[in-house]
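S.K.: My file is coords07.pdb. It has PDB, C-alpha atoms, pLDDT in the B column:
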```
MODEL        1
ATOM      1  CA  MET F   1      99.109  86.956  92.938  1.00 34.00           C
ATOM      2  CA  LEU F   2     101.761  87.235  95.629  1.00 37.00           C
ATOM      3  CA  LEU F   3     104.858  88.519  93.837  1.00 36.00           C
ATOM      4  CA  MET F   4     105.851  89.602  90.376  1.00 34.00           C
ATOM      5  CA  LEU F   5     109.184  90.781  89.086  1.00 33.00           C
ATOM      6  CA  GLY F   6     109.951  94.449  89.686  1.00 38.00           C
ATOM      7  CA  VAL F   7     107.675  96.277  92.082  1.00 40.00           C
ATOM      8  CA  SER F   8     105.265  93.825  93.639  1.00 41.00           C
ATOM      9  CA  THR F   9     101.726  94.730  94.589  1.00 42.00           C
ATOM     10  CA  VAL F  10      99.783  92.323  96.715  1.00 44.00           C
ATOM     11  CA  PHE F  11      96.223  92.202  97.947  1.00 44.00           C
ATOM     12  CA  VAL F  12      96.116  92.022 101.716  1.00 47.00           C
ATOM     13  CA  TYR F  13      93.778  89.828 103.707  1.00 43.00           C
ATOM     14  CA  LYS F  14      93.384  89.552 107.445  1.00 43.00           C
ATOM     15  CA  ALA F  15      95.886  86.989 108.649  1.00 42.00           C
ATOM     16  CA  ARG F  16      93.260  85.180 110.684  1.00 41.00           C
ATOM     17  CA  GLY F  17      92.298  83.194 107.598  1.00 42.00           C
ATOM     18  CA  SER F  18      89.365  85.014 106.049  1.00 41.00           C
ATOM     19  CA  SER F  19      89.100  84.077 102.398  1.00 41.00           C
ATOM     20  CA  GLU F  20      86.949  87.104 101.581  1.00 43.00           C
ATOM     21  CA  ARG F  21      88.606  90.393 100.816  1.00 44.00           C
ATOM     22  CA  GLU F  22      88.077  92.941 103.560  1.00 47.00           C
ATOM     23  CA  LEU F  23      86.606  96.328 102.847  1.00 60.00           C
ATOM     24  CA  VAL F  24      89.336  98.921 102.986  1.00 69.00           C
ATOM     25  CA  SER F  25      88.581 101.065 106.012  1.00 80.00           C
ATOM     26  CA  GLY F  26      90.182 102.099 109.254  1.00 89.00           C
ATOM     27  CA  CYS F  27      93.599 100.502 109.675  1.00 92.00           C
ATOM     28  CA  VAL F  28      93.274  97.788 107.013  1.00 92.00           C
ATOM     29  CA  PRO F  29      96.371  98.024 104.772  1.00 93.00           C
ATOM     30  CA  TYR F  30      95.898  98.511 101.024  1.00 92.00           C
ATOM     31  CA  ASN F  31      98.155  99.282  98.045  1.00 92.00           C
ATOM     32  CA  VAL F  32     100.875  97.126  99.578  1.00 93.00           C
ATOM     33  CA  SER F  33     104.086  97.051  97.567  1.00 94.00           C
ATOM     34  CA  ILE F  34     107.442  95.388  98.107  1.00 95.00           C
ATOM     35  CA  HIS F  35     110.432  96.572  96.133  1.00 95.00           C
ATOM     36  CA  ARG F  36     114.191  96.492  96.244  1.00 93.00           C
ATOM     37  CA  GLU F  37     115.878  99.657  97.511  1.00 85.00           C
ATOM     38  CA  GLU F  38     119.565  98.824  97.243  1.00 90.00           C
ATOM     39  CA  GLU F  39     121.504  95.592  96.903  1.00 90.00           C
ATOM     40  CA  TYR F  40     120.605  94.127 100.311  1.00 95.00           C
ATOM     41  CA  GLN F  41     117.481  96.154 101.150  1.00 96.00           C
ATOM     42  CA  ALA F  42     113.749  95.876 100.606  1.00 96.00           C
ATOM     43  CA  VAL F  43     111.073  98.536 101.132  1.00 96.00           C
ATOM     44  CA  ILE F  44     107.523  97.642 102.107  1.00 96.00           C
ATOM     45  CA  GLU F  45     104.943 100.399 101.612  1.00 95.00           C
ATOM     46  CA  TRP F  46     101.189 100.494 102.251  1.00 94.00           C
ATOM     47  CA  SER F  47      98.355 102.886 103.022  1.00 93.00           C
ATOM     48  CA  THR F  48      95.529 102.959 105.568  1.00 93.00           C
ATOM     49  CA  GLU F  49      92.356 105.070 105.549  1.00 92.00           C
ATOM     50  CA  GLU F  50      93.027 106.365 109.073  1.00 93.00           C
ATOM     51  CA  SER F  51      96.239 107.317 110.866  1.00 94.00           C
ATOM     52  CA  CYS F  52      97.299 104.027 112.420  1.00 92.00           C
ATOM     53  CA  LEU F  53     100.201 102.570 114.305  1.00 92.00           C
ATOM     54  CA  SER F  54     101.572 100.016 111.837  1.00 93.00           C
ATOM     55  CA  TYR F  55     104.717  97.923 111.611  1.00 95.00           C
ATOM     56  CA  VAL F  56     106.084  94.790 109.953  1.00 96.00           C
ATOM     57  CA  MET F  57     107.125  91.535 111.597  1.00 97.00           C
ATOM     58  CA  TYR F  58     109.439  89.500 109.367  1.00 98.00           C
ATOM     59  CA  GLY F  59     111.944  86.673 109.244  1.00 97.00           C
ATOM     60  CA  ASP F  60     113.288  83.864 107.096  1.00 97.00           C
ATOM     61  CA  ASP F  61     111.064  81.237 108.774  1.00 96.00           C
ATOM     62  CA  ARG F  62     107.323  81.445 108.004  1.00 95.00           C
ATOM     63  CA  ASN F  63     106.525  80.146 111.508  1.00 94.00           C
ATOM     64  CA  SER F  64     108.876  82.472 113.377  1.00 94.00           C
ATOM     65  CA  LEU F  65     108.732  86.137 112.401  1.00 97.00           C
ATOM     66  CA  GLU F  66     111.308  87.356 114.883  1.00 96.00           C
ATOM     67  CA  TYR F  67     112.232  90.811 113.555  1.00 97.00           C
ATOM     68  CA  ILE F  68     110.323  94.104 113.635  1.00 96.00           C
ATOM     69  CA  ALA F  69     110.576  96.926 111.098  1.00 96.00           C
ATOM     70  CA  ILE F  70     108.956 100.290 111.799  1.00 92.00           C
ATOM     71  CA  ASP F  71     108.625 103.527 109.899  1.00 86.00           C
ATOM     72  CA  HIS F  72     111.177 105.845 111.500  1.00 78.00           C
ATOM     73  CA  GLU F  73     109.672 108.904 109.778  1.00 79.00           C
ATOM     74  CA  GLU F  74     106.193 108.711 111.287  1.00 79.00           C
ATOM     75  CA  ILE F  75     104.941 106.089 113.724  1.00 77.00           C
ATOM     76  CA  SER F  76     101.196 106.738 113.289  1.00 85.00           C
ATOM     77  CA  ALA F  77     100.239 107.681 109.726  1.00 89.00           C
ATOM     78  CA  LYS F  78      98.079 106.946 106.676  1.00 93.00           C
ATOM     79  CA  ARG F  79     101.080 106.185 104.434  1.00 94.00           C
ATOM     80  CA  HIS F  80     103.546 103.655 105.786  1.00 95.00           C
ATOM     81  CA  LYS F  81     107.038 102.778 104.623  1.00 95.00           C
ATOM     82  CA  VAL F  82     109.527 100.443 106.265  1.00 95.00           C
ATOM     83  CA  LEU F  83     113.056  99.615 105.177  1.00 96.00           C
ATOM     84  CA  ILE F  84     114.465  96.165 105.842  1.00 96.00           C
ATOM     85  CA  GLU F  85     118.246  95.954 105.556  1.00 95.00           C
ATOM     86  CA  LYS F  86     120.923  93.258 105.469  1.00 96.00           C
ATOM     87  CA  LEU F  87     118.866  90.782 103.453  1.00 96.00           C
ATOM     88  CA  LEU F  88     120.448  87.988 101.429  1.00 95.00           C
ATOM     89  CA  PRO F  89     119.383  87.821  97.757  1.00 92.00           C
ATOM     90  CA  SER F  90     119.049  84.019  97.753  1.00 92.00           C
ATOM     91  CA  LYS F  91     116.821  83.734 100.865  1.00 96.00           C
ATOM     92  CA  ILE F  92     113.045  83.824 101.005  1.00 97.00           C
ATOM     93  CA  TYR F  93     111.643  86.195 103.634  1.00 97.00           C
ATOM     94  CA  TYR F  94     108.188  86.235 105.196  1.00 97.00           C
ATOM     95  CA  LEU F  95     106.260  89.154 106.674  1.00 97.00           C
ATOM     96  CA  LEU F  96     103.010  90.219 108.264  1.00 97.00           C
ATOM     97  CA  ILE F  97     101.795  93.804 108.507  1.00 96.00           C
ATOM     98  CA  TYR F  98     100.430  94.711 111.925  1.00 94.00           C
ATOM     99  CA  SER F  99      98.039  97.635 111.812  1.00 93.00           C
ATOM    100  CA  GLY F 100      95.463  98.789 114.327  1.00 90.00           C
ATOM    101  CA  GLY F 101      95.972  95.711 116.502  1.00 89.00           C
ATOM    102  CA  ASP F 102      95.433  93.123 113.726  1.00 92.00           C
ATOM    103  CA  SER F 103      97.851  91.249 111.474  1.00 93.00           C
ATOM    104  CA  TYR F 104      97.519  91.129 107.698  1.00 94.00           C
ATOM    105  CA  GLY F 105      99.029  88.771 105.155  1.00 93.00           C
ATOM    106  CA  ASN F 106      97.803  86.610 102.287  1.00 89.00           C
ATOM    107  CA  ASN F 107      94.805  84.398 103.139  1.00 83.00           C
ATOM    108  CA  GLY F 108      96.013  83.868 106.691  1.00 80.00           C
ATOM    109  CA  LEU F 109      99.662  83.306 105.741  1.00 91.00           C
ATOM    110  CA  PRO F 110     102.616  85.667 105.787  1.00 96.00           C
ATOM    111  CA  LEU F 111     103.555  87.396 102.547  1.00 95.00           C
ATOM    112  CA  SER F 112     106.793  86.137 101.039  1.00 95.00           C
ATOM    113  CA  PHE F 113     109.500  87.654  98.870  1.00 95.00           C
ATOM    114  CA  SER F 114     113.142  87.321  97.933  1.00 95.00           C
ATOM    115  CA  LEU F 115     115.446  90.079  96.769  1.00 94.00           C
ATOM    116  CA  SER F 116     116.295  88.088  93.658  1.00 91.00           C
ATOM    117  CA  SER F 117     112.615  88.185  92.594  1.00 90.00           C
ATOM    118  CA  LEU F 118     112.225  91.948  93.079  1.00 88.00           C
TER     119      LEU F 118
ENDMDL
END
```
As structure tokens, please, write out the structure in this file.

M.R.:
Amino acid sequence: MLLMLGVSTVFVYKARGSSERELVSGCVPYNVSIHREEEYQAVIEWSTEESCLSYVMYGDDRNSLEYIAIDHEEISAKRHKVLIEKLLPSKIYYLLIYSGGDSYGNNGLPLSFSLSSL
């Protein structure tokens, strides 16, 4: 369910570990997609029902998401898009979406992707 070849769509759960799917309302991300932009870039896009401050924390270590990616077009919005650059095709990257003060991933874990799988 996490990633498929091409454009990837994932279902997003609260990162706190809830195994039940959240109702989509407020700042809960939905329609999350991860796709390759150019050779060393990935784009993460999602929507929220309300205009929310949202960003992505990511890194190549699941336990240490040390980088932040924000939407430079519009900080608080209903449609969110972040570009992550300088990625290596052979590495696996992990990310959490932070929206409305909560973090979102996959059943309490960060989402993962590699450029070679996109």

S.K.: Give me the residues of stretch 81-103 of chain F that have any atom at most 9 Å from an atom of stretch 23-39 of chain F; for each, the nearest atom pair and the distance in Å, rounded to one decimal. Use all atoms listed in the file, sort by chain and number, and format it as JSON lines.

M.R.:
```
{"residue": "F:Leu83", "atom": "CA", "partner": "F:Glu37", "partner_atom": "CA", "distance": 8.2}
{"residue": "F:Glu85", "atom": "CA", "partner": "F:Glu38", "partner_atom": "CA", "distance": 8.9}
{"residue": "F:Lys86", "atom": "CA", "partner": "F:Glu39", "partner_atom": "CA", "distance": 8.9}
{"residue": "F:Leu87", "atom": "CA", "partner": "F:Glu39", "partner_atom": "CA", "distance": 8.5}
{"residue": "F:Leu88", "atom": "CA", "partner": "F:Glu39", "partner_atom": "CA", "distance": 8.9}
{"residue": "F:Pro89", "atom": "CA", "partner": "F:Glu39", "partner_atom": "CA", "distance": 8.1}
{"residue": "F:Ile97", "atom": "CA", "partner": "F:Pro29", "partner_atom": "CA", "distance": 7.8}
{"residue": "F:Tyr98", "atom": "CA", "partner": "F:Pro29", "partner_atom": "CA", "distance": 8.9}
{"residue": "F:Ser99", "atom": "CA", "partner": "F:Cys27", "partner_atom": "CA", "distance": 5.7}
{"residue": "F:Gly100", "atom": "CA", "partner": "F:Cys27", "partner_atom": "CA", "distance": 5.3}
{"residue": "F:Gly101", "atom": "CA", "partner": "F:Cys27", "partner_atom": "CA", "distance": 8.7}
{"residue": "F:Asp102", "atom": "CA", "partner": "F:Val28", "partner_atom": "CA", "distance": 8.5}
```

S.K.: Suppose you want the space between atom CA of F:Val56 and atom CA of F:His80; what is it in Å?

M.R.: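 Computing the Euclidean distance for atom CA of F:Val56 and atom CA of F:His80 yields 10.1 Å.
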
S.K.: Enter the distance from atom CA of F:Ala42 to atom CA of F:Ser90, in Å, rounded to one decimal.

M.R.: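 Distance between the two atoms: 13.3 Å.
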
S.K.: Could you tell me, as an MDAnalysis selection string, which residues have any atom at most 6 Å from (107.5, 87.0, 110.2), counting all atoms listed in the file?

M.R.: chainID F and resid 57:59 62 64:65 94:96

S.K.: What separation in Å, quoted to one decimal, exists between atom CA of F:Ser47 and atom CA of F:Ala77?

M.R.: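 Between atom CA of F:Ser47 and atom CA of F:Ala77 the gap works out to 8.5 Å.
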
S.K.: Name the closest residue to F:Ile44 among the candidates F:Val82, F:Leu111, F:Ile92, F:Tyr104; distances are taken between atoms, counting only C-alpha atoms.

M.R.: F:Val82

S.K.: Would you mind telling me which residue in F:Tyr55, F:Tyr40, F:Tyr93, F:Trp46 lies nearest to F:Pro110 when using all atoms listed in the file?

M.R.: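 Closest candidate: F:Tyr93.
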
S.K.: Using all atoms listed in the file, pick whichever of F:Ile70, F:Leu109, F:Cys52, F:Leu118 has the shortest atom-to-atom distance to F:Ile84.

M.R.: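 The answer is F:Ile70, which sits nearest to F:Ile84.
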
S.K.: I'd like to know which of F:Lys81, F:Gln41, F:Asn107, F:Ser112 is closest to F:Asp61, using all atoms listed in the file.

M.R.: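 So, comparing all the options, the nearest one is F:Ser112.
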